[in-house]
$ cat work18.txt   # compact mmCIF, C-alpha atoms
# COMPACT_ATOMS: atom_id res chain seq x y z
CA ALA A 1 0.00 0.00 0.00
CA GLN A 2 1.16 3.48 -0.70
CA SER A 3 2.36 5.69 2.13
CA VAL A 4 3.90 9.12 2.62
CA THR A 5 6.39 10.21 5.24
CA GLN A 6 7.11 13.79 6.14
CA PRO A 7 10.01 13.52 8.58
CA ASP A 8 9.75 17.05 9.93
CA ILE A 9 6.73 17.79 12.09
CA HIS A 10 7.66 21.43 12.65
CA ILE A 11 10.14 23.71 10.91
CA THR A 12 11.02 27.30 11.75
CA VAL A 13 12.79 29.55 9.29
CA SER A 14 13.49 33.26 9.14
CA GLU A 15 11.69 35.45 6.67
CA GLY A 16 13.73 35.66 3.49
CA ALA A 17 15.53 32.39 4.11
CA SER A 18 15.27 29.39 1.83
CA LEU A 19 13.01 26.48 2.62
CA GLU A 20 13.00 22.77 1.93
CA LEU A 21 10.28 20.45 3.19
CA ARG A 22 10.95 16.76 2.88
CA CYS A 23 8.61 14.11 1.59
CA ASN A 24 9.25 10.41 1.00
CA TYR A 25 6.69 8.12 -0.56
CA SER A 26 6.21 4.42 -0.92
CA TYR A 27 4.51 3.19 -4.04
CA GLY A 28 5.42 0.47 -6.51
CA ALA A 29 4.57 2.17 -9.78
CA THR A 30 5.04 5.73 -10.95
CA PRO A 31 3.23 7.84 -8.41
CA TYR A 32 1.14 10.94 -8.80
CA LEU A 33 2.53 13.35 -6.20
CA PHE A 34 1.12 16.51 -4.70
CA TRP A 35 1.88 19.24 -2.23
CA TYR A 36 -1.02 20.96 -0.49
CA VAL A 37 -0.97 23.88 1.93
CA GLN A 38 -3.44 24.44 4.74
CA SER A 39 -3.63 27.83 6.43
CA PRO A 40 -5.22 28.01 9.89
CA GLY A 41 -8.96 27.42 9.66
CA GLN A 42 -8.80 26.91 5.91
CA GLY A 43 -9.15 24.05 3.50
CA LEU A 44 -6.38 22.52 1.45
CA GLN A 45 -4.95 24.38 -1.51
CA LEU A 46 -2.89 22.64 -4.16
CA LEU A 47 0.60 24.09 -4.52
CA LEU A 48 1.88 21.79 -7.25
CA LYS A 49 1.63 18.31 -8.68
CA TYR A 50 3.78 15.77 -10.48
CA PHE A 51 2.25 13.32 -12.90
CA SER A 52 5.07 12.60 -15.36
CA GLY A 53 7.71 14.33 -17.46
CA ASP A 54 10.04 16.99 -16.11
CA THR A 55 11.02 16.03 -12.58
CA LEU A 56 11.26 19.65 -11.44
CA VAL A 57 7.78 21.10 -11.17
CA GLN A 58 6.80 24.67 -10.55
CA GLY A 59 3.82 25.62 -8.48
CA ILE A 60 2.00 28.62 -7.18
CA LYS A 61 3.36 31.17 -4.70
CA GLY A 62 6.94 30.61 -5.86
CA PHE A 63 7.16 26.97 -4.73
CA GLU A 64 8.83 24.18 -6.65
CA ALA A 65 9.36 20.48 -6.02
CA GLU A 66 11.69 17.87 -7.42
CA PHE A 67 10.74 14.25 -7.99
CA LYS A 68 13.62 11.84 -7.38
CA ARG A 69 12.64 8.30 -8.15
CA SER A 70 15.90 6.82 -6.86
CA GLN A 71 15.28 8.37 -3.45
CA SER A 72 11.47 8.03 -3.48
CA SER A 73 11.34 11.69 -2.61
CA PHE A 74 9.37 14.74 -3.63
CA ASN A 75 10.79 17.64 -1.64
CA LEU A 76 9.22 21.08 -1.68
CA ARG A 77 11.41 24.17 -1.96
CA LYS A 78 11.15 27.90 -1.95
CA PRO A 79 14.15 30.21 -2.35
CA SER A 80 12.88 32.96 -0.05
CA VAL A 81 9.97 32.58 2.35
CA HIS A 82 7.49 35.26 3.27
CA TRP A 83 5.59 35.61 6.57
CA SER A 84 2.42 34.61 4.71
CA ASP A 85 3.91 31.18 3.99
CA ALA A 86 3.36 30.17 7.61
CA ALA A 87 0.97 27.23 7.36
CA GLU A 88 0.81 23.45 7.40
CA TYR A 89 2.12 21.64 4.35
CA PHE A 90 1.00 18.21 3.26
CA CYS A 91 2.58 15.88 0.76
CA ALA A 92 0.25 13.34 -0.85
CA VAL A 93 0.40 10.45 -3.28
CA ALA A 94 -2.31 8.98 -5.47
CA ALA A 95 -2.18 5.60 -7.11
CA GLY A 96 -2.32 5.50 -10.88
CA GLY A 97 -5.00 3.85 -12.93
CA GLY A 98 -8.42 3.70 -11.36
CA ALA A 99 -7.49 4.47 -7.77
CA GLN A 100 -7.99 8.10 -6.96
CA LYS A 101 -7.77 8.40 -3.24
CA LEU A 102 -5.04 10.62 -1.87
CA VAL A 103 -2.76 9.30 0.84
CA PHE A 104 -1.36 12.15 2.89
CA GLY A 105 1.70 12.54 5.02
CA GLN A 106 1.36 13.76 8.58
CA GLY A 107 2.12 17.32 7.60
CA THR A 108 4.87 19.82 8.37
CA ARG A 109 4.01 22.95 10.26
CA LEU A 110 6.01 25.93 9.05
CA THR A 111 6.68 28.89 11.33
CA ILE A 112 8.29 32.05 9.99
CA ASN A 113 10.43 34.22 12.23
CA PRO A 114 10.39 37.94 11.38
CA ASP B 1 -12.12 29.84 -3.35
CA SER B 2 -12.01 26.29 -4.73
CA GLY B 3 -15.65 26.24 -5.83
CA VAL B 4 -16.45 23.38 -3.44
CA THR B 5 -18.90 24.30 -0.71
CA GLN B 6 -19.52 22.53 2.57
CA THR B 7 -22.18 23.09 5.18
CA PRO B 8 -22.31 23.58 8.04
CA LYS B 9 -18.96 25.12 8.88
CA HIS B 10 -19.15 24.04 12.51
CA LEU B 11 -21.21 21.40 14.23
CA ILE B 12 -21.37 20.67 17.94
CA THR B 13 -23.30 17.66 19.12
CA ALA B 14 -23.41 15.02 21.81
CA THR B 15 -22.28 11.42 21.91
CA GLY B 16 -24.78 9.00 20.45
CA GLN B 17 -26.27 11.55 18.09
CA ARG B 18 -26.43 11.54 14.30
CA VAL B 19 -25.34 14.36 11.99
CA THR B 20 -25.29 15.03 8.26
CA LEU B 21 -22.56 16.94 6.49
CA ARG B 22 -23.26 18.37 3.08
CA CYS B 23 -20.98 19.02 0.12
CA SER B 24 -21.56 20.66 -3.26
CA PRO B 25 -18.81 19.95 -5.80
CA ARG B 26 -17.41 22.38 -8.33
CA SER B 27 -19.62 22.95 -11.32
CA GLY B 28 -19.04 20.11 -13.77
CA ASP B 29 -17.19 17.82 -11.38
CA LEU B 30 -18.66 14.34 -11.14
CA SER B 31 -16.48 12.89 -8.38
CA VAL B 32 -16.81 13.70 -4.70
CA TYR B 33 -14.38 12.54 -2.04
CA TRP B 34 -14.66 12.69 1.74
CA TYR B 35 -11.65 12.98 4.04
CA GLN B 36 -11.33 13.14 7.80
CA GLN B 37 -8.61 15.18 9.50
CA SER B 38 -7.98 14.41 13.15
CA LEU B 39 -5.04 14.94 15.47
CA ASP B 40 -4.65 11.19 15.97
CA GLN B 41 -4.98 9.94 12.41
CA GLY B 42 -4.07 12.92 10.28
CA LEU B 43 -5.80 13.27 6.92
CA GLN B 44 -7.53 10.07 5.88
CA PHE B 45 -9.58 9.20 2.85
CA LEU B 46 -13.05 7.97 3.70
CA ILE B 47 -15.01 7.40 0.50
CA GLN B 48 -15.42 8.45 -3.14
CA TYR B 49 -18.54 8.78 -5.25
CA TYR B 50 -18.66 9.24 -8.98
CA ASN B 51 -21.84 10.33 -10.70
CA GLY B 52 -23.99 8.87 -7.95
CA GLU B 53 -22.17 5.59 -7.47
CA GLU B 54 -19.68 4.56 -4.83
CA ARG B 55 -16.26 4.27 -6.48
CA ALA B 56 -13.76 3.71 -3.69
CA LYS B 57 -13.81 3.16 0.04
CA GLY B 58 -11.13 3.91 2.59
CA ASN B 59 -11.04 3.82 6.36
CA ILE B 60 -14.70 4.62 6.81
CA LEU B 61 -16.44 3.28 9.89
CA GLU B 62 -19.65 1.28 9.58
CA ARG B 63 -21.39 4.02 11.58
CA PHE B 64 -20.63 6.40 8.72
CA SER B 65 -22.32 6.41 5.34
CA ALA B 66 -22.42 8.67 2.33
CA GLN B 67 -24.38 9.20 -0.83
CA GLN B 68 -24.29 11.35 -3.91
CA PHE B 69 -27.53 12.70 -5.29
CA PRO B 70 -28.61 13.26 -8.93
CA ASP B 71 -27.64 16.94 -8.67
CA LEU B 72 -24.17 15.66 -7.65
CA HIS B 73 -24.14 17.08 -4.17
CA SER B 74 -23.08 14.62 -1.51
CA GLU B 75 -23.91 13.98 2.11
CA LEU B 76 -21.85 12.24 4.76
CA ASN B 77 -23.93 10.76 7.56
CA LEU B 78 -22.29 10.06 10.89
CA SER B 79 -24.29 8.15 13.49
CA SER B 80 -23.85 6.89 17.06
CA LEU B 81 -21.23 9.59 17.44
CA GLU B 82 -18.29 9.08 19.76
CA LEU B 83 -15.84 11.56 21.22
CA GLY B 84 -13.21 10.26 18.83
CA ASP B 85 -15.29 11.32 15.83
CA SER B 86 -14.46 14.93 16.58
CA ALA B 87 -12.52 16.07 13.54
CA LEU B 88 -12.44 18.28 10.49
CA TYR B 89 -14.27 16.66 7.59
CA PHE B 90 -13.28 17.73 4.11
CA CYS B 91 -15.04 17.20 0.86
CA ALA B 92 -13.14 17.37 -2.43
CA SER B 93 -14.24 17.12 -6.04
CA SER B 94 -12.66 16.31 -9.37
CA ASP B 95 -13.87 15.93 -12.89
CA ARG B 96 -12.93 12.28 -13.28
CA GLY B 97 -14.02 8.91 -12.03
CA GLN B 98 -10.77 7.17 -12.78
CA GLY B 99 -7.39 8.15 -14.00
CA TYR B 100 -6.00 10.86 -11.83
CA ASN B 101 -6.73 14.57 -11.87
CA GLU B 102 -6.53 17.34 -9.32
CA GLN B 103 -8.89 17.27 -6.36
CA PHE B 104 -10.28 20.60 -5.19
CA PHE B 105 -11.01 20.81 -1.48
CA GLY B 106 -13.80 22.57 0.33
CA PRO B 107 -13.25 24.58 3.53
CA GLY B 108 -14.32 21.67 5.74
CA THR B 109 -16.85 21.04 8.47
CA ARG B 110 -15.51 21.01 12.01
CA LEU B 111 -17.38 18.45 14.09
CA THR B 112 -17.15 18.56 17.86
CA VAL B 113 -18.68 15.69 19.82
CA LEU B 114 -19.19 16.43 23.52

$ encode --input "work18.txt" --output "C-alpha cells"
Amino acid sequence: AQSVTQPDIHITVSEGASLELRCNYSYGATPYLFWYVQSPGQGLQLLLKYFSGDTLVQGIKGFEAEFKRSQSSFNLRKPSVHWSDAAEYFCAVAAGGGAQKLVFGQGTRLTINP
Amino acid sequence: DSGVTQTPKHLITATGQRVTLRCSPRSGDLSVYWYQQSLDQGLQFLIQYYNGEERAKGNILERFSAQQFPDLHSELNLSSLELGDSALYFCASSDRGQGYNEQFFGPGTRLTVL
C-alpha cells in the first residue's frame, strides 16, 4: 500500500531564508505526487503536482518540487519565504490507474520568524 | 475559493447523536471525495462517489455512510457519534471517475462531539 512520510513535524525559518520540506513516498509504480498547503482554519490548496515528465515542477506562490525516483522523494522548496507562507504543508500520493484516493503525510508545520 | 462548498462550517453535538454533512462539488465535477482530519490519524480518505455511485472506500467506519444525489451534491452521515469522531471533515471534487486529476477541497466542516 502506498504511504507518505514527512520527517519534519515542525520547521522554523526566518523570513527571506530558503526552505526545503521533505517528503518520501512508498509506491510500486510511478506515483502521482502533490503538495497541499493548509492555512489556519482553511481548507487545502494545491501548490503543485507531479504526474510525469520533467522532474522539477513549478507551483503557485513561488514553490517548486523535485521528484527523485531513486530516493522516493518529492521535496518542496522555496528560495525565499514570506511571513504569509506560515501554514501546514501536506505531501500526498495517489495511485495510478483507477485508484484516486489521496494518501497524505502527517504534515509539516512551518513557522516564519520575522 | 475552490468552488467546493460545505455546510455547516461548525457542528457541535453530543455522543450517540447523528449528523449530516453536506458538500456541493465544483460545477461540472462528477467525483466527490470525503476525508477526515484528526489529530490522531491525520488526513484520511473515507469514501469516493462518482456520478452517484460509490467508487472507492477507505477507512470509513460502519457508523458512517455517504451518498451522492442526482444533482451531484453529496452527504456524509455520521451516526452513534463518539468523542473520537471529533474532527475536520473535508469534501473534495474532481472531474474524473478514474485516471488521476486534481482534487479541489472545500473549507471543511468542524465536528465537535461532547

$ interface_residues --input "work18.txt" --of "chain A" --to "chain B" --cutoff "10 Å" --atoms "only C-alpha atoms" --output "list in words"
Tyr32, Phe34, Gln38, Gly41, Gln42, Gly43, Leu44, Gln45, Leu46, Leu48, Lys49, Phe51, Phe90, Ala92, Ala94, Ala95, Gly96, Gly97, Gly98, Ala99, Gln100, Lys101, Leu102, Val103, Phe104, Gly105, Gln106 and Gly107 of chain A

$ axis_aligned_box --input "work18.txt" --around "range 14-26 of chain B" --padding-each-side "8 Å" --output "AutoDock Vina command-line options"
--center_x -21.9 --center_y 15.7 --center_z 6.8 --size_x 25.0 --size_y 29.4 --size_z 46.2

$ atom_distance --input "work18.txt" --atom1 "CA of Leu11 in chain B" --atom2 "CA of Leu114 in chain B"
10.7 Å

$ atom_distance --input "work18.txt" --atom1 "CA of Leu56 in chain A" --atom2 "CA of Pro40 in chain A"
28.2 Å

$ atom_distance --input "work18.txt" --atom1 "CA of Leu81 in chain B" --atom2 "CA of Ser24 in chain B"
23.5 Å

$ residues_around --input "work18.txt" --residues "Trp83 in chain A" --least-positions-apart "5" --cutoff "9 Å" --atoms "all atoms listed in the file" --output "PyMOL selection string"
chain A and resi 14-16+111-114

$ residues_around --input "work18.txt" --residues "Asp95 in chain B" --least-positions-apart "6" --cutoff "7 Å" --atoms "only C-alpha atoms" --output "VMD selection string"
chain B and resid 28 to 31

$ residues_around --input "work18.txt" --residues "range 65-72 of chain B" --least-positions-apart "6" --cutoff "7 Å" --atoms "only C-alpha atoms" --output "PyMOL selection string"
chain B and resi 30+49+51-52+78

$ write_last_selection --input "work18.txt" --atoms "C-alpha atoms" --output "short mmCIF file (atom, residue, chain, number, x, y, z; two decimals), keeping the file's coordinate frame"
data_model
loop_
_atom_site.label_atom_id
_atom_site.label_comp_id
_atom_site.auth_asym_id
_atom_site.auth_seq_id
_atom_site.Cartn_x
_atom_site.Cartn_y
_atom_site.Cartn_z
CA LEU B 30 -18.66 14.34 -11.14
CA TYR B 49 -18.54 8.78 -5.25
CA ASN B 51 -21.84 10.33 -10.70
CA GLY B 52 -23.99 8.87 -7.95
CA LEU B 78 -22.29 10.06 10.89
#

$ closest_residue --input "work18.txt" --among "A:Lys68, A:Lys78, A:Arg109, A:Lys61" --to "Tyr25 in chain A" --atoms "all atoms listed in the file"
A:Lys68

$ residues_around --input "work18.txt" --residues "Asn24 in chain A" --least-positions-apart "5" --cutoff "6 Å" --atoms "all atoms listed in the file" --output "list in words"
Val4, Thr5, Ser72 and Ser73 of chain A

$ closest_residue --input "work18.txt" --among "B:Thr13, B:Thr5, B:Thr112, B:Ser38" --to "Glu75 in chain B" --atoms "all atoms listed in the file"
B:Thr5

$ decode --input "work18.txt" --residues "range 35-64 of chain B" --atoms "N, CA, C and O atoms" --output "compact mmCIF listing (two decimals), in the first residue's frame"
# COMPACT_ATOMS: atom_id res chain seq x y z
N TYR B 35 -12.85 13.22 3.24
CA TYR B 35 -11.65 12.98 4.04
C TYR B 35 -11.93 13.44 5.47
O TYR B 35 -12.69 14.37 5.71
N GLN B 36 -11.26 12.77 6.39
CA GLN B 36 -11.33 13.14 7.80
C GLN B 36 -9.95 13.58 8.26
O GLN B 36 -8.95 12.90 7.98
N GLN B 37 -9.88 14.72 8.94
CA GLN B 37 -8.61 15.18 9.50
C GLN B 37 -8.73 15.25 11.01
O GLN B 37 -9.50 16.03 11.57
N SER B 38 -7.97 14.42 11.69
CA SER B 38 -7.98 14.41 13.15
C SER B 38 -6.55 14.46 13.65
O SER B 38 -5.60 14.16 12.91
N LEU B 39 -6.39 14.85 14.90
CA LEU B 39 -5.04 14.94 15.47
C LEU B 39 -4.39 13.56 15.53
O LEU B 39 -3.20 13.43 15.31
N ASP B 40 -5.19 12.53 15.82
CA ASP B 40 -4.65 11.19 15.97
C ASP B 40 -4.25 10.56 14.64
O ASP B 40 -3.20 9.96 14.51
N GLN B 41 -5.13 10.69 13.66
CA GLN B 41 -4.98 9.94 12.41
C GLN B 41 -4.51 10.77 11.23
O GLN B 41 -4.23 10.23 10.17
N GLY B 42 -4.44 12.08 11.42
CA GLY B 42 -4.07 12.92 10.28
C GLY B 42 -5.19 12.99 9.27
O GLY B 42 -6.36 12.85 9.62
N LEU B 43 -4.82 13.17 8.00
CA LEU B 43 -5.80 13.27 6.92
C LEU B 43 -6.02 11.89 6.32
O LEU B 43 -5.08 11.30 5.78
N GLN B 44 -7.23 11.41 6.39
CA GLN B 44 -7.53 10.07 5.88
C GLN B 44 -8.68 10.10 4.90
O GLN B 44 -9.72 10.73 5.15
N PHE B 45 -8.53 9.36 3.84
CA PHE B 45 -9.58 9.20 2.85
C PHE B 45 -10.68 8.32 3.41
O PHE B 45 -10.42 7.27 3.99
N LEU B 46 -11.91 8.76 3.23
CA LEU B 46 -13.05 7.97 3.70
C LEU B 46 -13.75 7.25 2.56
O LEU B 46 -13.91 6.02 2.58
N ILE B 47 -14.20 8.01 1.55
CA ILE B 47 -15.01 7.40 0.50
C ILE B 47 -15.07 8.33 -0.71
O ILE B 47 -14.89 9.54 -0.59
N GLN B 48 -15.27 7.71 -1.90
CA GLN B 48 -15.42 8.45 -3.14
C GLN B 48 -16.70 8.04 -3.84
O GLN B 48 -17.03 6.85 -3.91
N TYR B 49 -17.39 9.02 -4.39
CA TYR B 49 -18.54 8.78 -5.25
C TYR B 49 -18.28 9.40 -6.61
O TYR B 49 -17.65 10.46 -6.71
N TYR B 50 -18.76 8.71 -7.63
CA TYR B 50 -18.66 9.24 -8.98
C TYR B 50 -20.02 9.12 -9.63
O TYR B 50 -20.55 8.02 -9.78
N ASN B 51 -20.57 10.25 -10.00
CA ASN B 51 -21.84 10.33 -10.70
C ASN B 51 -22.91 9.46 -10.03
O ASN B 51 -23.64 8.73 -10.69
N GLY B 52 -22.95 9.54 -8.71
CA GLY B 52 -23.99 8.87 -7.95
C GLY B 52 -23.64 7.49 -7.45
O GLY B 52 -24.39 6.91 -6.65
N GLU B 53 -22.51 6.94 -7.89
CA GLU B 53 -22.17 5.59 -7.47
C GLU B 53 -20.90 5.59 -6.62
O GLU B 53 -19.96 6.34 -6.89
N GLU B 54 -20.87 4.70 -5.65
CA GLU B 54 -19.68 4.56 -4.83
C GLU B 54 -18.55 4.02 -5.69
O GLU B 54 -18.70 3.02 -6.39
N ARG B 55 -17.38 4.67 -5.62
CA ARG B 55 -16.26 4.27 -6.48
C ARG B 55 -15.11 3.67 -5.68
O ARG B 55 -14.43 2.78 -6.14
N ALA B 56 -14.87 4.21 -4.51
CA ALA B 56 -13.76 3.71 -3.69
C ALA B 56 -14.07 3.96 -2.22
O ALA B 56 -14.77 4.91 -1.88
N LYS B 57 -13.56 3.05 -1.39
CA LYS B 57 -13.81 3.16 0.04
C LYS B 57 -12.48 3.10 0.76
O LYS B 57 -11.60 2.32 0.40
N GLY B 58 -12.35 3.92 1.79
CA GLY B 58 -11.13 3.91 2.59
C GLY B 58 -11.45 3.48 4.00
O GLY B 58 -12.22 2.57 4.24
N ASN B 59 -10.87 4.18 4.95
CA ASN B 59 -11.04 3.82 6.36
C ASN B 59 -12.32 4.40 6.95
O ASN B 59 -12.30 5.11 7.94
N ILE B 60 -13.43 4.07 6.34
CA ILE B 60 -14.70 4.62 6.81
C ILE B 60 -15.37 3.63 7.75
O ILE B 60 -15.48 2.44 7.47
N LEU B 61 -15.80 4.13 8.90
CA LEU B 61 -16.44 3.28 9.89
C LEU B 61 -17.83 2.87 9.42
O LEU B 61 -18.46 3.55 8.62
N GLU B 62 -18.30 1.76 9.95
CA GLU B 62 -19.65 1.28 9.58
C GLU B 62 -20.72 2.24 10.05
O GLU B 62 -21.81 2.28 9.47
N ARG B 63 -20.42 3.04 11.07
CA ARG B 63 -21.39 4.02 11.58
C ARG B 63 -21.52 5.22 10.63
O ARG B 63 -22.41 6.05 10.79
N PHE B 64 -20.62 5.29 9.67
CA PHE B 64 -20.63 6.40 8.72
C PHE B 64 -21.15 5.91 7.37
O PHE B 64 -20.85 4.77 6.95
